[in-house]
Amino acid sequence: MAKTLTIFTPAYNRAHTIGRTYESLLRQTCNDFEWLVVDDGSSDNTEELVRGWIAENKIPIRYIKQKNQGMHGAHNTAYHNITTELNTCIDSDDYMPDDAVEKIVRLWKEKGSDKYGGIIGLDCTEDGKIIGTAFPEYLKETTLTGVYAAGGTGDKKQVYRTDVINSYPDYPIFEGEKYVGLAYKYILLDQDYKLLTINSPLVVVDYQQDGSSYNMYKQYWNNPKGFSFFRKTEMVYAPTLKRKFISCVHYVASSIISKDRNFLKESPKKFLTALAIPFGIAWYYRIKSKVESGAKMNFR
């Protein structure tokens with residue numbers, strides 16, 4: 001019988017953590033899922049581990065190895081290969097609470113419809129503390145953008161309908177870069193669909209010292225085209241003028257890093273971008289200083 005949910009895990013040299021992800025899937029109280037591991041060019045023994053788990057045959061596992069493209073490239077590959085109705089990403093340094101799949105499948109079977117693009121739940125830390133804010137009890141449906149526009153904070157875990165997420169363009173791949181904000185597709189989906197809310201953690205997160213969240217200044221510096229691309233999307237769809245302006249500031253800084261002299265002409269919000277230039281220059285120098293000093297941006 002076909003499964004309802006694909007849990008996909010992009011992995012890059014995470015052999016030391018991905019076993020925890022696997023063990024959490026073995027503990028799930030509902031087996032209506034399969035696991036897809038996209039190995040993004042690991043040089044450690046990730047492949048050996050996953051192939052060993054496939055041989056154990058305890059849960060359905062598919063394994064794809066590709067040339068390193070970055071997290072967004074791994075997401076592209078995952079989306080192209082998912083055949084279940086729903087999907088969610090669980091990173092290779094994170095894991096799922098034992099009842100997460102059961103809660104996802106139950107909610108979708110009870111309330112899911114073509115009206116919704118999927119489900120949005122909570123993240124928590126290993127001690128069970130919710131990251132940021134939970135949803136108000138009255139809020140039964142929302143968008144990811146709407147969560148933060150209403151004052152919500154902290155990372156949230158989305159479960160998307162596969163046909164819907166695949167109806168939007170792939171994340172672009174920029175030569176020599178390895179980062180495009182995953183929220184690009186999520187923002188586009190927010191314009192057309194709402195998400196059912198579930199006021200429970202669907203993932204336990206463990207931010208790694210070498211993960212993207214801890215090294216965002218370096219990401220800014222090394223992937224300016226990817227950030228510029230995302231900021232152009234954000235400045236169009238951001239729900240407030242303040243957020244649009246902040247996106248313009250970031251866009252200016254990334255354009256300076258990438259030496260893009262046509263950034264003003266390419267901006268979808270030219271006047272606002274022009275106003276943001278002095279602030280973007282200041283942000284560029286802050287990024288440069290932080291990268292040179294090895295500073296890390298802590299998102300906890």
# chains A, B, ... in the order shown; residues from 1 in each chain; ligands from 1
$ residues_around --residues "Leu202 (chain A)" --least-positions-apart "5" --cutoff "7 Å" --atoms "only C-alpha atoms" --output "ChimeraX atom specification"
/A:96-97,100,121-123,157
$ residues_around --residues "Asp98 (chain A)" --least-positions-apart "2" --cutoff "10 Å" --atoms "only C-alpha atoms" --output "tab-separated table (two decimals) with all heavy atoms, in the first residue's frame"
chain	number	residue	atom	x	y	z
A	23	GLU	N	17.19	6.40	13.96
A	23	GLU	CA	16.63	5.76	15.16
A	23	GLU	C	15.27	6.35	15.51
A	23	GLU	O	14.36	5.63	15.96
A	23	GLU	CB	17.59	5.92	16.34
A	23	GLU	CG	18.90	5.15	16.19
A	23	GLU	CD	18.69	3.64	16.19
A	23	GLU	OE1	17.72	3.17	16.80
A	23	GLU	OE2	19.53	2.94	15.58
A	24	SER	N	15.11	7.66	15.30
A	24	SER	CA	13.81	8.27	15.61
A	24	SER	C	12.73	7.79	14.66
A	24	SER	O	11.55	7.67	15.06
A	24	SER	CB	13.92	9.80	15.55
A	24	SER	OG	13.90	10.30	14.23
A	25	LEU	N	13.10	7.47	13.44
A	25	LEU	CA	12.12	6.96	12.49
A	25	LEU	C	11.72	5.53	12.84
A	25	LEU	O	10.57	5.12	12.64
A	25	LEU	CB	12.67	7.05	11.06
A	25	LEU	CG	13.02	8.46	10.58
A	25	LEU	CD1	13.46	8.44	9.12
A	25	LEU	CD2	11.85	9.41	10.77
A	26	LEU	N	12.65	4.78	13.38
A	26	LEU	CA	12.33	3.43	13.83
A	26	LEU	C	11.33	3.45	14.99
A	26	LEU	O	10.55	2.50	15.16
A	26	LEU	CB	13.59	2.69	14.27
A	26	LEU	CG	14.65	2.38	13.22
A	26	LEU	CD1	15.79	1.58	13.84
A	26	LEU	CD2	14.07	1.64	12.03
A	27	ARG	N	11.33	4.52	15.76
A	27	ARG	CA	10.47	4.60	16.94
A	27	ARG	C	9.07	5.16	16.63
A	27	ARG	O	8.23	5.26	17.53
A	27	ARG	CB	11.11	5.49	18.01
A	27	ARG	CG	12.39	4.92	18.61
A	27	ARG	CD	12.78	5.69	19.87
A	27	ARG	NE	12.97	7.11	19.61
A	27	ARG	CZ	14.15	7.66	19.30
A	27	ARG	NH1	15.24	6.90	19.19
A	27	ARG	NH2	14.24	8.94	19.10
A	28	GLN	N	8.82	5.54	15.39
A	28	GLN	CA	7.54	6.17	15.08
A	28	GLN	C	6.36	5.25	15.38
A	28	GLN	O	6.40	4.04	15.11
A	28	GLN	CB	7.49	6.60	13.61
A	28	GLN	CG	8.42	7.75	13.27
A	28	GLN	CD	8.14	8.99	14.11
A	28	GLN	OE1	7.02	9.50	14.15
A	28	GLN	NE2	9.18	9.48	14.79
A	29	THR	N	5.32	5.83	15.96
A	29	THR	CA	4.13	5.07	16.32
A	29	THR	C	3.22	4.81	15.12
A	29	THR	O	2.24	4.08	15.25
A	29	THR	CB	3.34	5.82	17.40
A	29	THR	OG1	3.02	7.14	16.93
A	29	THR	CG2	4.15	5.92	18.69
A	30	CYS	N	3.53	5.40	13.99
A	30	CYS	CA	2.79	5.19	12.75
A	30	CYS	C	3.80	4.93	11.65
A	30	CYS	O	4.80	5.65	11.52
A	30	CYS	CB	1.93	6.41	12.42
A	30	CYS	SG	1.13	6.37	10.79
A	95	TYR	N	15.91	15.18	14.50
A	95	TYR	CA	15.15	13.94	14.53
A	95	TYR	C	13.70	14.24	14.89
A	95	TYR	O	13.35	15.38	15.25
A	95	TYR	CB	15.77	12.93	15.49
A	95	TYR	CG	15.90	13.37	16.93
A	95	TYR	CD1	14.95	13.00	17.89
A	95	TYR	CD2	16.99	14.13	17.36
A	95	TYR	CE1	15.08	13.38	19.22
A	95	TYR	CE2	17.13	14.51	18.69
A	95	TYR	CZ	16.17	14.13	19.60
A	95	TYR	OH	16.31	14.51	20.93
A	96	MET	N	12.84	13.22	14.78
A	96	MET	CA	11.40	13.41	14.97
A	96	MET	C	10.94	12.85	16.31
A	96	MET	O	11.39	11.77	16.72
A	96	MET	CB	10.61	12.73	13.86
A	96	MET	CG	10.87	13.28	12.47
A	96	MET	SD	9.76	12.57	11.21
A	96	MET	CE	8.34	13.68	11.38
A	100	ALA	N	5.33	11.95	15.82
A	100	ALA	CA	5.21	13.02	14.82
A	100	ALA	C	4.48	12.54	13.56
A	100	ALA	O	3.57	13.22	13.06
A	100	ALA	CB	6.58	13.57	14.47
A	101	VAL	N	4.88	11.40	13.02
A	101	VAL	CA	4.24	10.91	11.79
A	101	VAL	C	2.76	10.64	12.05
A	101	VAL	O	1.90	10.98	11.23
A	101	VAL	CB	4.94	9.63	11.28
A	101	VAL	CG1	4.13	9.00	10.15
A	101	VAL	CG2	6.35	9.95	10.81
A	102	GLU	N	2.46	10.04	13.19
A	102	GLU	CA	1.07	9.75	13.53
A	102	GLU	C	0.23	11.02	13.55
A	102	GLU	O	-0.90	11.05	13.01
A	102	GLU	CB	1.00	9.06	14.89
A	102	GLU	CG	-0.40	8.69	15.32
A	102	GLU	CD	-0.43	7.97	16.67
A	102	GLU	OE1	0.65	7.65	17.20
A	102	GLU	OE2	-1.54	7.74	17.17
A	103	LYS	N	0.75	12.08	14.14
A	103	LYS	CA	0.01	13.34	14.22
A	103	LYS	C	-0.17	13.98	12.86
A	103	LYS	O	-1.24	14.53	12.54
A	103	LYS	CB	0.72	14.30	15.18
A	103	LYS	CG	0.60	13.89	16.64
A	103	LYS	CD	1.29	14.87	17.56
A	103	LYS	CE	1.04	14.50	19.02
A	103	LYS	NZ	1.73	15.41	19.97
A	202	LEU	N	7.07	18.76	15.62
A	202	LEU	CA	7.23	17.73	14.60
A	202	LEU	C	8.69	17.40	14.37
A	202	LEU	O	9.01	16.45	13.66
A	202	LEU	CB	6.58	18.17	13.29
A	202	LEU	CG	5.08	18.48	13.35
A	202	LEU	CD1	4.57	18.93	11.98
A	202	LEU	CD2	4.28	17.30	13.87
A	203	VAL	N	9.58	18.17	14.99
A	203	VAL	CA	11.01	17.93	14.83
A	203	VAL	C	11.74	18.41	16.08
A	203	VAL	O	11.34	19.39	16.72
A	203	VAL	CB	11.56	18.65	13.58
A	203	VAL	CG1	11.42	20.17	13.70
A	203	VAL	CG2	13.02	18.30	13.32
$ atom_distance --atom1 "CA of Ile120 (chain A)" --atom2 "CA of Thr143 (chain A)"
8.2 Å
$ select_by_dssp --residues "region 21-239 of chain A" --states "alpha helix (DSSP H)" --output "VMD selection string"
chain A and resid 21 to 26 46 to 56 71 to 81 100 to 111 144 to 149 162 to 165 183 to 190 216 to 222 224 to 237
$ write_last_selection --atoms "C-alpha atoms" --output "mmCIF file, in the first residue's frame"
data_model
loop_
_atom_site.group_PDB
_atom_site.id
_atom_site.type_symbol
_atom_site.label_atom_id
_atom_site.label_comp_id
_atom_site.auth_asym_id
_atom_site.auth_seq_id
_atom_site.Cartn_x
_atom_site.Cartn_y
_atom_site.Cartn_z
ATOM 1 C CA THR A 21 17.528 10.653 12.662
ATOM 2 C CA TYR A 22 17.213 7.015 11.617
ATOM 3 C CA GLU A 23 16.632 5.760 15.159
ATOM 4 C CA SER A 24 13.813 8.273 15.611
ATOM 5 C CA LEU A 25 12.115 6.960 12.485
ATOM 6 C CA LEU A 26 12.327 3.425 13.827
ATOM 7 C CA THR A 46 27.157 8.340 5.113
ATOM 8 C CA GLU A 47 26.546 6.063 2.116
ATOM 9 C CA GLU A 48 27.825 2.986 3.957
ATOM 10 C CA LEU A 49 25.551 3.711 6.905
ATOM 11 C CA VAL A 50 22.413 4.288 4.834
ATOM 12 C CA ARG A 51 22.971 1.232 2.644
ATOM 13 C CA GLY A 52 23.350 -0.815 5.827
ATOM 14 C CA TRP A 53 20.001 0.473 7.074
ATOM 15 C CA ILE A 54 18.403 -0.325 3.738
ATOM 16 C CA ALA A 55 19.665 -3.899 4.125
ATOM 17 C CA GLU A 56 18.105 -4.094 7.598
ATOM 18 C CA MET A 71 20.908 22.346 0.754
ATOM 19 C CA HIS A 72 18.633 23.859 -1.888
ATOM 20 C CA GLY A 73 20.040 21.562 -4.578
ATOM 21 C CA ALA A 74 19.327 18.573 -2.351
ATOM 22 C CA HIS A 75 15.763 19.830 -1.918
ATOM 23 C CA ASN A 76 15.369 20.062 -5.700
ATOM 24 C CA THR A 77 16.454 16.430 -6.034
ATOM 25 C CA ALA A 78 14.166 15.309 -3.229
ATOM 26 C CA TYR A 79 11.114 17.013 -4.696
ATOM 27 C CA HIS A 80 11.810 15.457 -8.098
ATOM 28 C CA ASN A 81 11.830 11.978 -6.560
ATOM 29 C CA ALA A 100 5.206 13.018 14.818
ATOM 30 C CA VAL A 101 4.241 10.908 11.795
ATOM 31 C CA GLU A 102 1.067 9.750 13.529
ATOM 32 C CA LYS A 103 0.008 13.340 14.225
ATOM 33 C CA ILE A 104 0.779 14.485 10.676
ATOM 34 C CA VAL A 105 -1.101 11.657 8.985
ATOM 35 C CA ARG A 106 -4.078 11.838 11.357
ATOM 36 C CA LEU A 107 -4.543 15.590 10.905
ATOM 37 C CA TRP A 108 -4.253 15.349 7.134
ATOM 38 C CA LYS A 109 -6.693 12.468 6.843
ATOM 39 C CA GLU A 110 -9.186 14.306 9.061
ATOM 40 C CA LYS A 111 -8.928 17.837 7.681
ATOM 41 C CA LEU A 144 4.301 30.535 7.064
ATOM 42 C CA THR A 145 4.524 34.238 6.243
ATOM 43 C CA GLY A 146 1.401 34.868 8.283
ATOM 44 C CA VAL A 147 2.909 33.268 11.384
ATOM 45 C CA TYR A 148 5.679 35.849 11.543
ATOM 46 C CA ALA A 149 3.539 38.763 10.339
ATOM 47 C CA THR A 162 4.038 17.145 -3.035
ATOM 48 C CA ASP A 163 1.991 18.186 -6.065
ATOM 49 C CA VAL A 164 1.737 21.733 -4.743
ATOM 50 C CA ILE A 165 5.408 22.251 -3.839
ATOM 51 C CA ALA A 183 11.833 30.034 1.970
ATOM 52 C CA TYR A 184 11.777 31.030 -1.718
ATOM 53 C CA LYS A 185 9.343 28.239 -2.573
ATOM 54 C CA TYR A 186 7.506 28.573 0.729
ATOM 55 C CA ILE A 187 6.788 32.254 0.063
ATOM 56 C CA LEU A 188 5.391 31.458 -3.387
ATOM 57 C CA LEU A 189 3.173 28.734 -1.942
ATOM 58 C CA ASP A 190 1.919 31.130 0.731
ATOM 59 C CA MET A 216 25.140 32.872 8.251
ATOM 60 C CA TYR A 217 27.601 35.738 7.853
ATOM 61 C CA LYS A 218 29.877 33.390 5.924
ATOM 62 C CA GLN A 219 26.892 32.237 3.868
ATOM 63 C CA TYR A 220 26.127 35.847 2.977
ATOM 64 C CA TRP A 221 29.699 36.379 1.827
ATOM 65 C CA ASN A 222 30.102 33.157 -0.153
ATOM 66 C CA PRO A 224 25.748 36.624 -2.812
ATOM 67 C CA LYS A 225 23.903 35.695 -6.013
ATOM 68 C CA GLY A 226 21.731 33.227 -4.148
ATOM 69 C CA PHE A 227 20.924 35.801 -1.490
ATOM 70 C CA SER A 228 20.222 38.494 -4.094
ATOM 71 C CA PHE A 229 17.817 36.148 -5.846
ATOM 72 C CA PHE A 230 15.964 35.407 -2.628
ATOM 73 C CA ARG A 231 15.809 39.059 -1.541
ATOM 74 C CA LYS A 232 14.200 40.043 -4.850
ATOM 75 C CA THR A 233 11.471 37.493 -4.169
ATOM 76 C CA GLU A 234 11.096 38.634 -0.577
ATOM 77 C CA MET A 235 10.830 42.321 -1.404
ATOM 78 C CA VAL A 236 7.887 41.565 -3.705
ATOM 79 C CA TYR A 237 5.924 39.392 -1.277
#
$ atom_distance --atom1 "CA of Leu275 (chain A)" --atom2 "CA of Gly151 (chain A)"
26.1 Å
$ select_by_dssp --residues "region 172-259 of chain A" --states "strand (DSSP E or B)" --output "PDB file with N, CA and C atoms, in the first residue's frame"
ATOM      1  N   LYS A 194      -3.188  28.001   2.230  1.00  0.00           N
ATOM      2  CA  LYS A 194      -2.952  28.045   3.657  1.00  0.00           C
ATOM      3  C   LYS A 194      -2.498  26.670   4.129  1.00  0.00           C
ATOM      4  N   LEU A 195      -1.990  26.632   5.359  1.00  0.00           N
ATOM      5  CA  LEU A 195      -1.502  25.404   5.970  1.00  0.00           C
ATOM      6  C   LEU A 195      -2.322  25.125   7.227  1.00  0.00           C
ATOM      7  N   LEU A 196      -2.642  23.874   7.445  1.00  0.00           N
ATOM      8  CA  LEU A 196      -3.275  23.469   8.689  1.00  0.00           C
ATOM      9  C   LEU A 196      -2.252  23.547   9.816  1.00  0.00           C
ATOM     10  N   THR A 197      -2.649  24.053  10.968  1.00  0.00           N
ATOM     11  CA  THR A 197      -1.707  24.156  12.081  1.00  0.00           C
ATOM     12  C   THR A 197      -1.820  22.948  13.008  1.00  0.00           C
ATOM     13  N   ILE A 198      -0.703  22.564  13.565  1.00  0.00           N
ATOM     14  CA  ILE A 198      -0.670  21.535  14.605  1.00  0.00           C
ATOM     15  C   ILE A 198       0.233  22.050  15.713  1.00  0.00           C
ATOM     16  N   ASN A 199      -0.322  22.202  16.902  1.00  0.00           N
ATOM     17  CA  ASN A 199       0.395  22.847  17.999  1.00  0.00           C
ATOM     18  C   ASN A 199       1.247  21.851  18.769  1.00  0.00           C
ATOM     19  N   SER A 200       2.026  21.086  18.021  1.00  0.00           N
ATOM     20  CA  SER A 200       2.910  20.081  18.599  1.00  0.00           C
ATOM     21  C   SER A 200       4.229  20.106  17.847  1.00  0.00           C
ATOM     22  N   PRO A 201       5.319  19.752  18.514  1.00  0.00           N
ATOM     23  CA  PRO A 201       6.605  19.684  17.801  1.00  0.00           C
ATOM     24  C   PRO A 201       6.637  18.502  16.839  1.00  0.00           C
ATOM     25  N   LEU A 202       7.066  18.763  15.620  1.00  0.00           N
ATOM     26  CA  LEU A 202       7.233  17.729  14.605  1.00  0.00           C
ATOM     27  C   LEU A 202       8.694  17.402  14.374  1.00  0.00           C
ATOM     28  N   VAL A 203       9.581  18.175  14.990  1.00  0.00           N
ATOM     29  CA  VAL A 203      11.013  17.934  14.835  1.00  0.00           C
ATOM     30  C   VAL A 203      11.738  18.407  16.083  1.00  0.00           C
ATOM     31  N   VAL A 204      12.784  17.673  16.439  1.00  0.00           N
ATOM     32  CA  VAL A 204      13.697  18.072  17.513  1.00  0.00           C
ATOM     33  C   VAL A 204      14.976  18.542  16.829  1.00  0.00           C
TER      34      VAL A 204
END
$ closest_residue --among "A:Ile131, A:Ile173, A:Lys140, A:Ile90" --to "Thr153 (chain A)" --atoms "only C-alpha atoms"
A:Ile131
$ decode --residues "region 167-193 of chain A" --atoms "N, CA, C and O atoms" --output "JSON list (two decimals), in the first residue's frame"
[["chain", "number", "residue", "atom", "x", "y", "z"],
["A", 167, "SER", "N", 4.72, 22.44, -8.03],
["A", 167, "SER", "CA", 4.13, 23.33, -9.03],
["A", 167, "SER", "C", 4.86, 24.66, -9.12],
["A", 167, "SER", "O", 4.59, 25.46, -10.02],
["A", 168, "TYR", "N", 5.80, 24.90, -8.22],
["A", 168, "TYR", "CA", 6.60, 26.13, -8.23],
["A", 168, "TYR", "C", 8.00, 25.83, -8.75],
["A", 168, "TYR", "O", 8.47, 24.70, -8.71],
["A", 169, "PRO", "N", 8.69, 26.86, -9.28],
["A", 169, "PRO", "CA", 10.00, 26.62, -9.89],
["A", 169, "PRO", "C", 11.01, 26.04, -8.91],
["A", 169, "PRO", "O", 10.94, 26.27, -7.70],
["A", 170, "ASP", "N", 11.97, 25.29, -9.45],
["A", 170, "ASP", "CA", 13.08, 24.78, -8.65],
["A", 170, "ASP", "C", 13.89, 25.94, -8.07],
["A", 170, "ASP", "O", 13.88, 27.07, -8.58],
["A", 171, "TYR", "N", 14.64, 25.63, -7.04],
["A", 171, "TYR", "CA", 15.64, 26.58, -6.55],
["A", 171, "TYR", "C", 16.73, 26.71, -7.62],
["A", 171, "TYR", "O", 17.21, 25.70, -8.14],
["A", 172, "PRO", "N", 17.13, 27.93, -7.95],
["A", 172, "PRO", "CA", 18.18, 28.08, -8.96],
["A", 172, "PRO", "C", 19.54, 27.67, -8.40],
["A", 172, "PRO", "O", 19.80, 27.80, -7.21],
["A", 173, "ILE", "N", 20.38, 27.16, -9.28],
["A", 173, "ILE", "CA", 21.75, 26.80, -8.92],
["A", 173, "ILE", "C", 22.69, 27.82, -9.54],
["A", 173, "ILE", "O", 22.72, 28.00, -10.76],
["A", 174, "PHE", "N", 23.44, 28.52, -8.72],
["A", 174, "PHE", "CA", 24.40, 29.51, -9.20],
["A", 174, "PHE", "C", 25.81, 28.91, -9.13],
["A", 174, "PHE", "O", 26.21, 28.39, -8.08],
["A", 175, "GLU", "N", 26.51, 29.01, -10.22],
["A", 175, "GLU", "CA", 27.86, 28.41, -10.30],
["A", 175, "GLU", "C", 28.75, 28.98, -9.21],
["A", 175, "GLU", "O", 28.85, 30.19, -9.01],
["A", 176, "GLY", "N", 29.41, 28.07, -8.48],
["A", 176, "GLY", "CA", 30.33, 28.48, -7.43],
["A", 176, "GLY", "C", 29.66, 28.81, -6.12],
["A", 176, "GLY", "O", 30.34, 29.16, -5.15],
["A", 177, "GLU", "N", 28.32, 28.71, -6.06],
["A", 177, "GLU", "CA", 27.61, 29.00, -4.83],
["A", 177, "GLU", "C", 26.82, 27.78, -4.37],
["A", 177, "GLU", "O", 26.47, 26.91, -5.16],
["A", 178, "LYS", "N", 26.50, 27.75, -3.08],
["A", 178, "LYS", "CA", 25.85, 26.56, -2.50],
["A", 178, "LYS", "C", 24.67, 26.92, -1.60],
["A", 178, "LYS", "O", 24.28, 26.12, -0.76],
["A", 179, "TYR", "N", 24.10, 28.12, -1.79],
["A", 179, "TYR", "CA", 23.02, 28.50, -0.87],
["A", 179, "TYR", "C", 21.99, 29.38, -1.57],
["A", 179, "TYR", "O", 22.33, 30.41, -2.17],
["A", 180, "VAL", "N", 20.74, 28.97, -1.49],
["A", 180, "VAL", "CA", 19.58, 29.81, -1.82],
["A", 180, "VAL", "C", 18.56, 29.55, -0.71],
["A", 180, "VAL", "O", 18.33, 28.40, -0.32],
["A", 181, "GLY", "N", 17.97, 30.59, -0.19],
["A", 181, "GLY", "CA", 17.02, 30.45, 0.91],
["A", 181, "GLY", "C", 15.87, 29.52, 0.56],
["A", 181, "GLY", "O", 15.18, 29.71, -0.45],
["A", 182, "LEU", "N", 15.66, 28.51, 1.39],
["A", 182, "LEU", "CA", 14.58, 27.55, 1.13],
["A", 182, "LEU", "C", 13.22, 28.21, 1.18],
["A", 182, "LEU", "O", 12.26, 27.72, 0.57],
["A", 183, "ALA", "N", 13.12, 29.34, 1.86],
["A", 183, "ALA", "CA", 11.83, 30.03, 1.97],
["A", 183, "ALA", "C", 11.35, 30.57, 0.63],
["A", 183, "ALA", "O", 10.18, 30.97, 0.52],
["A", 184, "TYR", "N", 12.20, 30.57, -0.39],
["A", 184, "TYR", "CA", 11.78, 31.03, -1.72],
["A", 184, "TYR", "C", 10.50, 30.32, -2.17],
["A", 184, "TYR", "O", 9.49, 30.95, -2.50],
["A", 185, "LYS", "N", 10.52, 28.99, -2.15],
["A", 185, "LYS", "CA", 9.34, 28.24, -2.57],
["A", 185, "LYS", "C", 8.20, 28.38, -1.57],
["A", 185, "LYS", "O", 7.02, 28.40, -1.95],
["A", 186, "TYR", "N", 8.54, 28.47, -0.30],
["A", 186, "TYR", "CA", 7.51, 28.57, 0.73],
["A", 186, "TYR", "C", 6.73, 29.89, 0.59],
["A", 186, "TYR", "O", 5.50, 29.92, 0.77],
["A", 187, "ILE", "N", 7.44, 30.96, 0.25],
["A", 187, "ILE", "CA", 6.79, 32.25, 0.06],
["A", 187, "ILE", "C", 5.83, 32.19, -1.13],
["A", 187, "ILE", "O", 4.71, 32.71, -1.06],
["A", 188, "LEU", "N", 6.26, 31.57, -2.21],
["A", 188, "LEU", "CA", 5.39, 31.46, -3.39],
["A", 188, "LEU", "C", 4.14, 30.66, -3.04],
["A", 188, "LEU", "O", 3.02, 31.02, -3.43],
["A", 189, "LEU", "N", 4.32, 29.56, -2.32],
["A", 189, "LEU", "CA", 3.17, 28.73, -1.94],
["A", 189, "LEU", "C", 2.22, 29.51, -1.04],
["A", 189, "LEU", "O", 0.98, 29.35, -1.14],
["A", 190, "ASP", "N", 2.76, 30.34, -0.18],
["A", 190, "ASP", "CA", 1.92, 31.13, 0.73],
["A", 190, "ASP", "C", 0.93, 32.03, 0.00],
["A", 190, "ASP", "O", -0.11, 32.39, 0.56],
["A", 191, "GLN", "N", 1.25, 32.40, -1.24],
["A", 191, "GLN", "CA", 0.35, 33.29, -1.98],
["A", 191, "GLN", "C", -0.91, 32.56, -2.44],
["A", 191, "GLN", "O", -1.92, 33.20, -2.75],
["A", 192, "ASP", "N", -0.86, 31.23, -2.47],
["A", 192, "ASP", "CA", -1.96, 30.45, -3.05],
["A", 192, "ASP", "C", -2.66, 29.52, -2.08],
["A", 192, "ASP", "O", -3.80, 29.12, -2.33],
["A", 193, "TYR", "N", -2.00, 29.15, -0.99],
["A", 193, "TYR", "CA", -2.55, 28.13, -0.09],
["A", 193, "TYR", "C", -2.31, 28.51, 1.36],
["A", 193, "TYR", "O", -1.34, 29.20, 1.69]]
